[in-house]
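K.L.:
This is upload.txt (compact mmCIF, C-alpha atoms).
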# COMPACT_ATOMS: atom_id res chain seq x y z
CA GLU A 152 -13.61 -0.79 -8.46
CA THR A 153 -13.66 2.42 -10.53
CA SER A 154 -17.46 2.44 -10.60
CA ASN A 155 -17.48 2.45 -6.80
CA VAL A 156 -15.65 5.76 -6.52
CA PRO A 157 -18.36 8.39 -7.36
CA PRO A 158 -20.80 7.43 -4.54
CA VAL A 159 -17.93 7.36 -2.04
CA LEU A 160 -16.67 10.75 -3.21
CA ARG A 161 -20.19 12.12 -2.94
CA ALA A 162 -20.44 10.83 0.64
CA PHE A 163 -17.21 12.63 1.55
CA GLN A 164 -18.44 15.79 -0.16
CA VAL A 165 -21.70 15.85 1.81
CA LEU A 166 -19.89 15.19 5.08
CA PHE A 167 -17.36 17.94 4.39
CA GLU A 168 -20.07 20.44 3.50
CA ASP A 169 -22.48 19.61 6.32
CA LEU A 170 -20.28 18.71 9.30
CA ALA A 171 -17.89 21.46 10.38
CA PRO A 172 -16.10 19.25 12.99
CA LEU A 173 -14.89 16.99 10.17
CA ARG A 174 -13.23 19.73 8.15
CA PRO A 175 -10.06 20.09 10.26
CA ALA A 176 -9.39 16.36 9.89
CA ALA A 177 -9.98 16.58 6.13
CA HIS A 178 -7.62 19.55 5.83
CA LEU A 179 -5.01 17.68 7.88
CA LEU A 180 -5.20 14.63 5.63
CA HIS A 181 -4.99 16.79 2.50
CA ARG A 182 -1.92 18.64 3.78
CA GLN A 183 -0.24 15.39 4.77
CA LEU A 184 -0.92 13.70 1.44
CA THR A 185 0.12 16.77 -0.56
CA ARG A 186 3.40 17.02 1.32
CA VAL A 187 4.14 13.32 0.98
CA MET A 188 3.29 13.30 -2.73
CA ASP A 189 5.40 16.38 -3.49
CA GLU A 190 8.38 14.94 -1.63
CA SER A 191 7.96 11.51 -3.21
CA ILE A 192 7.69 12.89 -6.75
CA LYS A 193 10.81 15.03 -6.33
CA LYS A 194 12.75 12.17 -4.76
CA ARG A 195 11.65 9.80 -7.51
CA ASP A 196 12.53 12.23 -10.32
CA ASP A 197 15.96 12.95 -8.83
CA PHE A 198 16.61 9.23 -8.43
CA ASP A 199 15.59 8.46 -12.03
CA ARG A 200 17.72 11.24 -13.51
CA ARG A 201 20.77 10.19 -11.51
CA LEU A 202 20.49 6.52 -12.53
CA ILE A 203 20.08 7.36 -16.21
CA VAL A 204 23.28 9.44 -16.09
CA GLN A 205 25.28 6.92 -14.07
CA TYR A 206 24.16 3.78 -15.90
CA PRO A 207 24.11 4.26 -19.69
CA GLY A 208 21.41 2.25 -21.41
CA LEU A 209 19.07 2.25 -18.43
CA THR A 210 15.68 3.76 -19.30
CA ILE A 211 12.85 5.30 -17.29
CA SER A 212 10.65 2.34 -18.21
CA GLN A 213 13.24 -0.10 -16.90
CA ILE A 214 13.67 1.87 -13.68
CA ASP A 215 9.89 1.86 -13.17
CA GLY A 216 9.69 -1.88 -13.75
CA GLY A 217 12.57 -2.55 -11.39
CA ARG A 218 11.06 -0.25 -8.77
CA VAL A 219 7.73 -2.09 -8.78
CA LEU A 220 9.50 -5.45 -8.58
CA PHE A 221 11.72 -4.26 -5.73
CA PHE A 222 8.80 -3.18 -3.56
CA ASP A 223 6.98 -6.42 -4.37
CA VAL A 224 10.06 -8.25 -3.11
CA VAL A 225 10.16 -6.07 0.02
CA SER A 226 6.49 -6.83 0.64
CA PHE A 227 7.12 -10.56 0.17
CA VAL A 228 10.04 -10.44 2.61
CA SER A 229 7.97 -8.50 5.15
CA ALA A 230 5.17 -11.06 4.94
CA THR A 231 7.50 -13.98 5.55
CA SER A 232 9.87 -12.43 8.11
CA SER A 233 9.54 -11.05 11.60
CA GLN A 234 9.25 -7.27 11.90
CA GLN A 235 12.80 -7.02 13.20
CA GLN A 236 14.18 -8.75 10.12
CA SER A 237 12.38 -6.69 7.46
CA ASN A 238 13.13 -3.20 6.20
CA ASP A 239 11.35 -1.06 3.60
CA ASN A 240 14.62 0.40 2.26
CA PHE A 241 16.58 -2.73 1.42
CA VAL A 242 16.58 -6.50 1.21
CA THR A 243 19.49 -8.77 2.01
CA ALA A 244 21.07 -11.52 -0.05
CA SER A 245 19.79 -14.15 2.37
CA GLN A 246 16.25 -12.73 2.16
CA LEU A 247 16.36 -12.82 -1.64
CA LYS A 248 17.50 -16.41 -1.43
CA GLY A 249 14.90 -17.22 1.22
CA ILE A 250 11.92 -16.11 -0.86
CA GLY A 251 13.33 -17.74 -3.99
CA ALA A 252 14.09 -14.50 -5.84
CA GLU A 253 17.75 -15.37 -6.43
CA ALA A 254 16.89 -18.77 -7.88
CA ILE A 255 14.17 -17.27 -10.08
CA ALA A 256 16.48 -14.52 -11.37
CA SER A 257 19.27 -17.01 -12.08
CA LYS A 258 16.90 -19.21 -14.06
CA ILE A 259 15.43 -16.31 -16.06
CA PHE A 260 18.77 -14.70 -16.91
CA GLY A 261 20.62 -17.99 -17.31
CA ARG A 262 23.46 -17.09 -14.98
CA ALA A 263 24.36 -17.75 -11.37
CA ALA A 264 24.39 -15.13 -8.62
CA VAL A 265 22.39 -12.34 -10.25
CA PHE A 266 22.35 -10.60 -6.87
CA LYS A 267 26.01 -10.96 -5.94
CA SER A 268 27.11 -10.79 -2.32
CA VAL A 269 29.79 -8.14 -2.04
CA ASN A 270 30.96 -9.20 1.41
CA THR A 271 30.98 -12.92 2.12
CA GLU A 272 31.32 -12.32 5.86
CA GLU A 273 28.23 -10.11 6.06
CA ASP A 274 24.76 -10.47 4.58
CA SER A 275 24.86 -8.04 1.64
CA LYS A 276 22.13 -5.42 1.46
CA PHE A 277 20.38 -4.39 -1.74
CA ASP A 278 18.62 -1.04 -1.82
CA LEU A 279 16.46 0.07 -4.75
CA GLU A 280 19.38 1.39 -6.79
CA LYS A 281 21.53 -1.68 -6.32
CA PHE A 282 18.59 -3.98 -7.03
CA ILE A 283 17.75 -2.25 -10.32
CA THR A 284 21.36 -2.01 -11.48
CA MET A 285 21.97 -5.69 -10.69
CA LEU A 286 18.98 -6.61 -12.86
CA HIS A 287 20.20 -4.29 -15.61
CA ALA A 288 23.72 -5.73 -15.48
CA ALA A 289 22.34 -9.26 -15.69
CA SER A 290 20.13 -8.45 -18.68
CA THR A 291 23.00 -6.66 -20.45
CA SER A 292 25.57 -9.41 -19.89
CA THR A 293 23.18 -12.15 -21.00
CA GLN A 294 21.55 -10.06 -23.75
CA SER A 295 18.16 -10.70 -22.15
CA ASN A 296 15.12 -8.47 -22.53
CA TYR A 297 15.02 -6.52 -19.26
CA ASP A 298 11.29 -5.75 -19.34
CA CYS A 299 10.29 -9.33 -20.13
CA ALA A 300 12.62 -10.67 -17.45
CA VAL A 301 11.18 -8.35 -14.80
CA LYS A 302 7.61 -9.31 -15.73
CA GLU A 303 8.51 -12.99 -15.55
CA MET A 304 10.07 -12.47 -12.12
CA HIS A 305 6.84 -10.77 -11.00
CA LEU A 306 4.79 -13.77 -12.08
CA CYS A 307 7.13 -16.35 -10.58
CA LEU A 308 7.36 -14.50 -7.26
CA ARG A 309 3.58 -14.22 -7.11
CA VAL A 310 3.28 -17.99 -7.46
CA GLN A 311 6.07 -18.47 -4.92
CA ARG A 312 4.35 -16.16 -2.46
CA GLN A 313 1.05 -18.02 -2.72
CA GLN A 314 2.86 -21.20 -1.75
CA LYS A 315 4.39 -19.72 1.40
CA GLN A 316 2.44 -19.27 4.61
CA PRO A 317 3.02 -15.78 6.01
CA HIS A 318 3.85 -15.46 9.69
CA SER A 319 1.40 -12.59 10.07
CA SER A 320 -1.42 -11.45 7.81
CA ASN A 321 -2.27 -8.27 9.71
CA ASP A 322 0.00 -5.30 9.07
CA PHE A 323 -1.92 -3.20 11.58
CA ASN A 324 -1.26 -5.34 14.65
CA ARG A 325 1.96 -3.58 15.63
CA ASN A 326 1.01 -2.89 19.21
CA LYS A 327 -1.93 -3.06 21.55
CA ARG A 328 -3.38 0.28 20.54
CA SER A 329 -3.14 -0.57 16.86
CA ILE A 330 -4.93 -3.84 17.53
CA LYS A 331 -7.64 -2.00 19.43
CA TYR A 332 -8.20 0.56 16.67
CA SER A 333 -8.00 -2.09 13.98
CA LYS A 334 -10.70 -4.16 15.69
CA LYS A 335 -12.87 -1.08 16.12
CA TYR A 336 -12.53 -0.30 12.43
CA ASP A 337 -13.40 -3.88 11.50
CA SER A 338 -16.48 -3.75 13.72
CA MET A 339 -17.68 -0.66 11.85
CA LEU A 340 -17.22 -2.45 8.53
CA GLU A 341 -19.30 -5.34 9.85
CA ALA A 342 -22.03 -2.93 10.94
CA PHE A 343 -22.19 -1.32 7.50
CA SER A 344 -22.39 -4.77 5.91
CA LYS A 345 -25.33 -5.74 8.15
CA TRP A 346 -27.12 -2.44 7.56
CA GLU A 347 -26.75 -2.74 3.81
CA LYS A 348 -28.44 -6.15 3.86
CA LYS A 349 -31.37 -4.86 5.92
CA LEU A 350 -31.95 -1.43 4.38
CA SER A 351 -33.09 -0.41 0.93
CA LEU A 352 -31.95 3.10 0.08
CA GLY A 353 -33.22 3.13 -3.49
CA ASP A 354 -32.20 6.12 -5.58
CA GLY A 355 -33.19 8.74 -3.04
CA SER A 356 -31.27 11.99 -3.11
CA ALA A 357 -31.51 12.80 0.63
CA ARG A 358 -28.07 13.89 1.74
CA MET A 359 -27.71 11.38 4.56
CA ASP A 360 -28.91 8.63 2.23
CA GLU A 361 -26.06 9.59 -0.08
CA VAL A 362 -23.59 9.40 2.79
CA LEU A 363 -24.87 6.01 3.91
CA LYS A 364 -24.76 4.68 0.34
CA GLY A 365 -21.16 5.86 0.03
CA CYS A 366 -20.32 4.13 3.32
CA PHE A 367 -21.89 0.89 2.12
CA ILE A 368 -19.96 0.91 -1.14
CA GLY A 369 -16.70 2.02 0.48
CA ALA A 370 -16.97 -0.72 3.13
CA ARG A 371 -16.92 -3.42 0.45
CA THR A 372 -14.27 -1.87 -1.80
CA PRO A 373 -10.89 -3.38 -0.75
CA LYS A 374 -8.63 -0.49 -1.78
CA ILE A 375 -10.84 2.06 -0.02
CA VAL A 376 -11.07 -0.15 3.07
CA THR A 377 -7.28 -0.50 3.25
CA ALA A 378 -6.55 3.20 2.71
CA LEU A 379 -9.08 4.36 5.30
CA LYS A 380 -7.91 1.73 7.77
CA LEU A 381 -4.37 3.06 7.57
CA VAL A 382 -5.39 6.62 8.36
CA TYR A 383 -7.92 5.50 11.00
CA VAL A 384 -5.31 3.50 12.90
CA ASP A 385 -2.42 5.95 12.54
CA TYR A 386 -3.98 9.43 12.81
CA SER A 387 -6.01 10.31 15.89
CA PRO A 388 -7.83 13.36 14.36
CA LEU A 389 -9.00 11.18 11.48
CA ARG A 390 -9.94 8.42 13.89
CA LEU A 391 -12.13 10.88 15.82
CA ALA A 392 -13.69 11.97 12.54
CA GLY A 393 -14.35 8.36 11.60
CA ASN A 394 -15.97 7.67 14.95
CA LEU A 395 -18.16 10.76 14.55
CA ILE A 396 -19.29 9.63 11.10
CA PHE A 397 -20.07 6.16 12.42
CA ARG A 398 -22.13 7.55 15.32
CA LEU A 399 -23.99 9.78 12.88
CA MET A 400 -24.73 6.85 10.58
CA THR A 401 -25.77 4.66 13.53
CA SER A 402 -28.28 7.28 14.64
CA PHE A 403 -29.53 7.72 11.08
CA VAL A 404 -30.01 3.97 10.57
CA GLU A 405 -31.87 3.58 13.87
CA LYS A 406 -34.41 6.16 12.72
CA LYS A 407 -35.08 4.52 9.36
Mind converting the file's structure to structure tokens?
P.N.:
Amino acid sequence: ETSNVPPVLRAFQVLFEDLAPLRPAAHLLHRQLTRVMDESIKKRDDFDRRLIVQYPGLTISQIDGGRVLFFDVVSFVSATSSQQQSNDNFVTASQLKGIGAEAIASKIFGRAAVFKSVNTEEDSKFDLEKFITMLHAASTSTQSNYDCAVKEMHLCLRVQRQQKQPHSSNDFNRNKRSIKYSKKYDSMLEAFSKWEKKLSLGDGSARMDEVLKGCFIGARTPKIVTALKLVYVDYSPLRLAGNLIFRLMTSFVEKK
């Protein structure tokens, strides 16, 4: 997908330079992303430093591996549970058991109850820190290679996930308005797909041709589609900007 990025970036550049109404939305998105990234980086660095001090032997690499695995587990749980049962900040012992993570971990580390329930009367919760330290404790006590064990858990959970039928495959259908905006976004993707099959842009350097080419490529690049769908559904200024771009492209295509 890396080769798809330059034409899409060029399309955004032309739109930013030529369409003043789009600039406020672009500035808003940039401010939001900058703030979120700065906060996330600081929070992550503080978390890593604290764990290294509190748990001797734990490395940055191991924390990173455990972090990725944890959020994969959270995603798996979210895909197989109702919205009320899932949470981005923790998973429960019963959820780990339900998706097969406990059984997989026990098999890999060769010991029972890798994720121990602290309170037998209540479903124990495992946040990121507890999840990582449980894995580290298991690898230390069994003299297992932490990194290899985490990678093996990744692979096993991926297979496990493919075998389970998710209750819902659409993360955007949270309410009626989200459904409406999601469908609108999907209809625009379909339009770009149809236009791309009918039109031949060649290597022309006309600015609107560059924008349309970027739209075509972006509309068939999964990561770009997902990222733009998130901001289109959740942020009204960016949704208005997206609608304006689509109307502009519709008018441009009709004249070709």
K.L.:
I want to know what sits within 12 Å of A:Ile255, based on all atoms listed in the file, with residues of the same chain fewer than 3 positions away left out; could you give that as number ranges by chain?
P.N.:
A: 247-252, 258-266, 300-311
K.L.:
Could you name the residues that touch stretch 373-390 of chain A at 7 Å or less, counting only C-alpha atoms, but leaving out those on the same chain fewer than 2 positions away, as a list in words?
P.N.:
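The filter keeps Ala176, Ser329, Tyr332, Ser333, Tyr336, Gly369, Ala370, Arg371, Ala392, Gly393 and Asn394 of chain A.
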K.L.:
Go ahead and compute the interatomic distance for atom CA of A:Phe198 and atom CA of A:Thr231, in Å to one decimal.
P.N.:
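Straight-line distance from atom CA of A:Phe198 to atom CA of A:Thr231 works out to 28.6 Å.
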K.L.:
Would you work out the distance separating atom CA of A:Gly216 from atom CA of A:Tyr297, expressed in Å to one decimal?
P.N.:
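These two atoms are separated by 9.0 Å.
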K.L.:
Using all atoms listed in the file, which of A:Lys348, A:Leu395, A:Asp223, A:Ile368 sits nearest A:Leu170?
P.N.:
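So, comparing all the options, the nearest one is A:Leu395.
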K.L.:
What does the structure give for the distance between atom CA of A:Leu166 and atom CA of A:Glu190, in Å to one decimal?
P.N.:
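Separation of atom CA of A:Leu166 and atom CA of A:Glu190: 29.1 Å.
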K.L.:
Have a look at A:Glu405, A:Lys364, A:Lys335, A:Thr284 and name the one nearest to A:Thr210; count all atoms listed in the file.
P.N.:
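Among A:Glu405, A:Lys364, A:Lys335, A:Thr284, it is A:Thr284 that comes nearest to A:Thr210.
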K.L.:
Using all atoms listed in the file, find the one residue out of A:His287, A:Val242, A:Asp298, A:Arg174 that sits nearest to A:Ser275.
P.N.:
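Using all atoms listed in the file, the shortest distance to A:Ser275 belongs to A:Val242.
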K.L.:
Between A:Arg186, A:Lys407, A:Lys331, A:Arg201, which has the minimum distance to A:Met359 (counting only C-alpha atoms)?
P.N.:
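Checking each of A:Arg186, A:Lys407, A:Lys331, A:Arg201 against A:Met359, counting only C-alpha atoms, the winner is A:Lys407.
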K.L.:
Counting all atoms listed in the file, find residues at most 12 Å from (27.2, -2.8, -6.5) (file frame) and give them as an MDAnalysis selection string.
P.N.:
chainID A and resid 206 265:270 275:288
K.L.:
Write the residues of the selection above to a file with C-alpha atoms, as a PDB file, in the coordinates of the input.
P.N.:
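Result saved to result.pdb:
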ATOM      1  CA  TYR A 206      24.160   3.780 -15.900  1.00  0.00           C
ATOM      2  CA  VAL A 265      22.390 -12.340 -10.250  1.00  0.00           C
ATOM      3  CA  PHE A 266      22.350 -10.600  -6.870  1.00  0.00           C
ATOM      4  CA  LYS A 267      26.010 -10.960  -5.940  1.00  0.00           C
ATOM      5  CA  SER A 268      27.110 -10.790  -2.320  1.00  0.00           C
ATOM      6  CA  VAL A 269      29.790  -8.140  -2.040  1.00  0.00           C
ATOM      7  CA  ASN A 270      30.960  -9.200   1.410  1.00  0.00           C
ATOM      8  CA  SER A 275      24.860  -8.040   1.640  1.00  0.00           C
ATOM      9  CA  LYS A 276      22.130  -5.420   1.460  1.00  0.00           C
ATOM     10  CA  PHE A 277      20.380  -4.390  -1.740  1.00  0.00           C
ATOM     11  CA  ASP A 278      18.620  -1.040  -1.820  1.00  0.00           C
ATOM     12  CA  LEU A 279      16.460   0.070  -4.750  1.00  0.00           C
ATOM     13  CA  GLU A 280      19.380   1.390  -6.790  1.00  0.00           C
ATOM     14  CA  LYS A 281      21.530  -1.680  -6.320  1.00  0.00           C
ATOM     15  CA  PHE A 282      18.590  -3.980  -7.030  1.00  0.00           C
ATOM     16  CA  ILE A 283      17.750  -2.250 -10.320  1.00  0.00           C
ATOM     17  CA  THR A 284      21.360  -2.010 -11.480  1.00  0.00           C
ATOM     18  CA  MET A 285      21.970  -5.690 -10.690  1.00  0.00           C
ATOM     19  CA  LEU A 286      18.980  -6.610 -12.860  1.00  0.00           C
ATOM     20  CA  HIS A 287      20.200  -4.290 -15.610  1.00  0.00           C
ATOM     21  CA  ALA A 288      23.720  -5.730 -15.480  1.00  0.00           C
TER      22      ALA A 288
END
K.L.:
With 4 Å of padding per side, what axis-aligned box (centre and edge lengths, Å, one decimal) covers all the listed atoms of stretch 337-340 of chain A? Give it as lines of an AutoDock Vina configuration file.
P.N.:
center_x = -15.5
center_y = -2.3
center_z = 11.1
size_x = 12.3
size_y = 11.2
size_z = 13.2
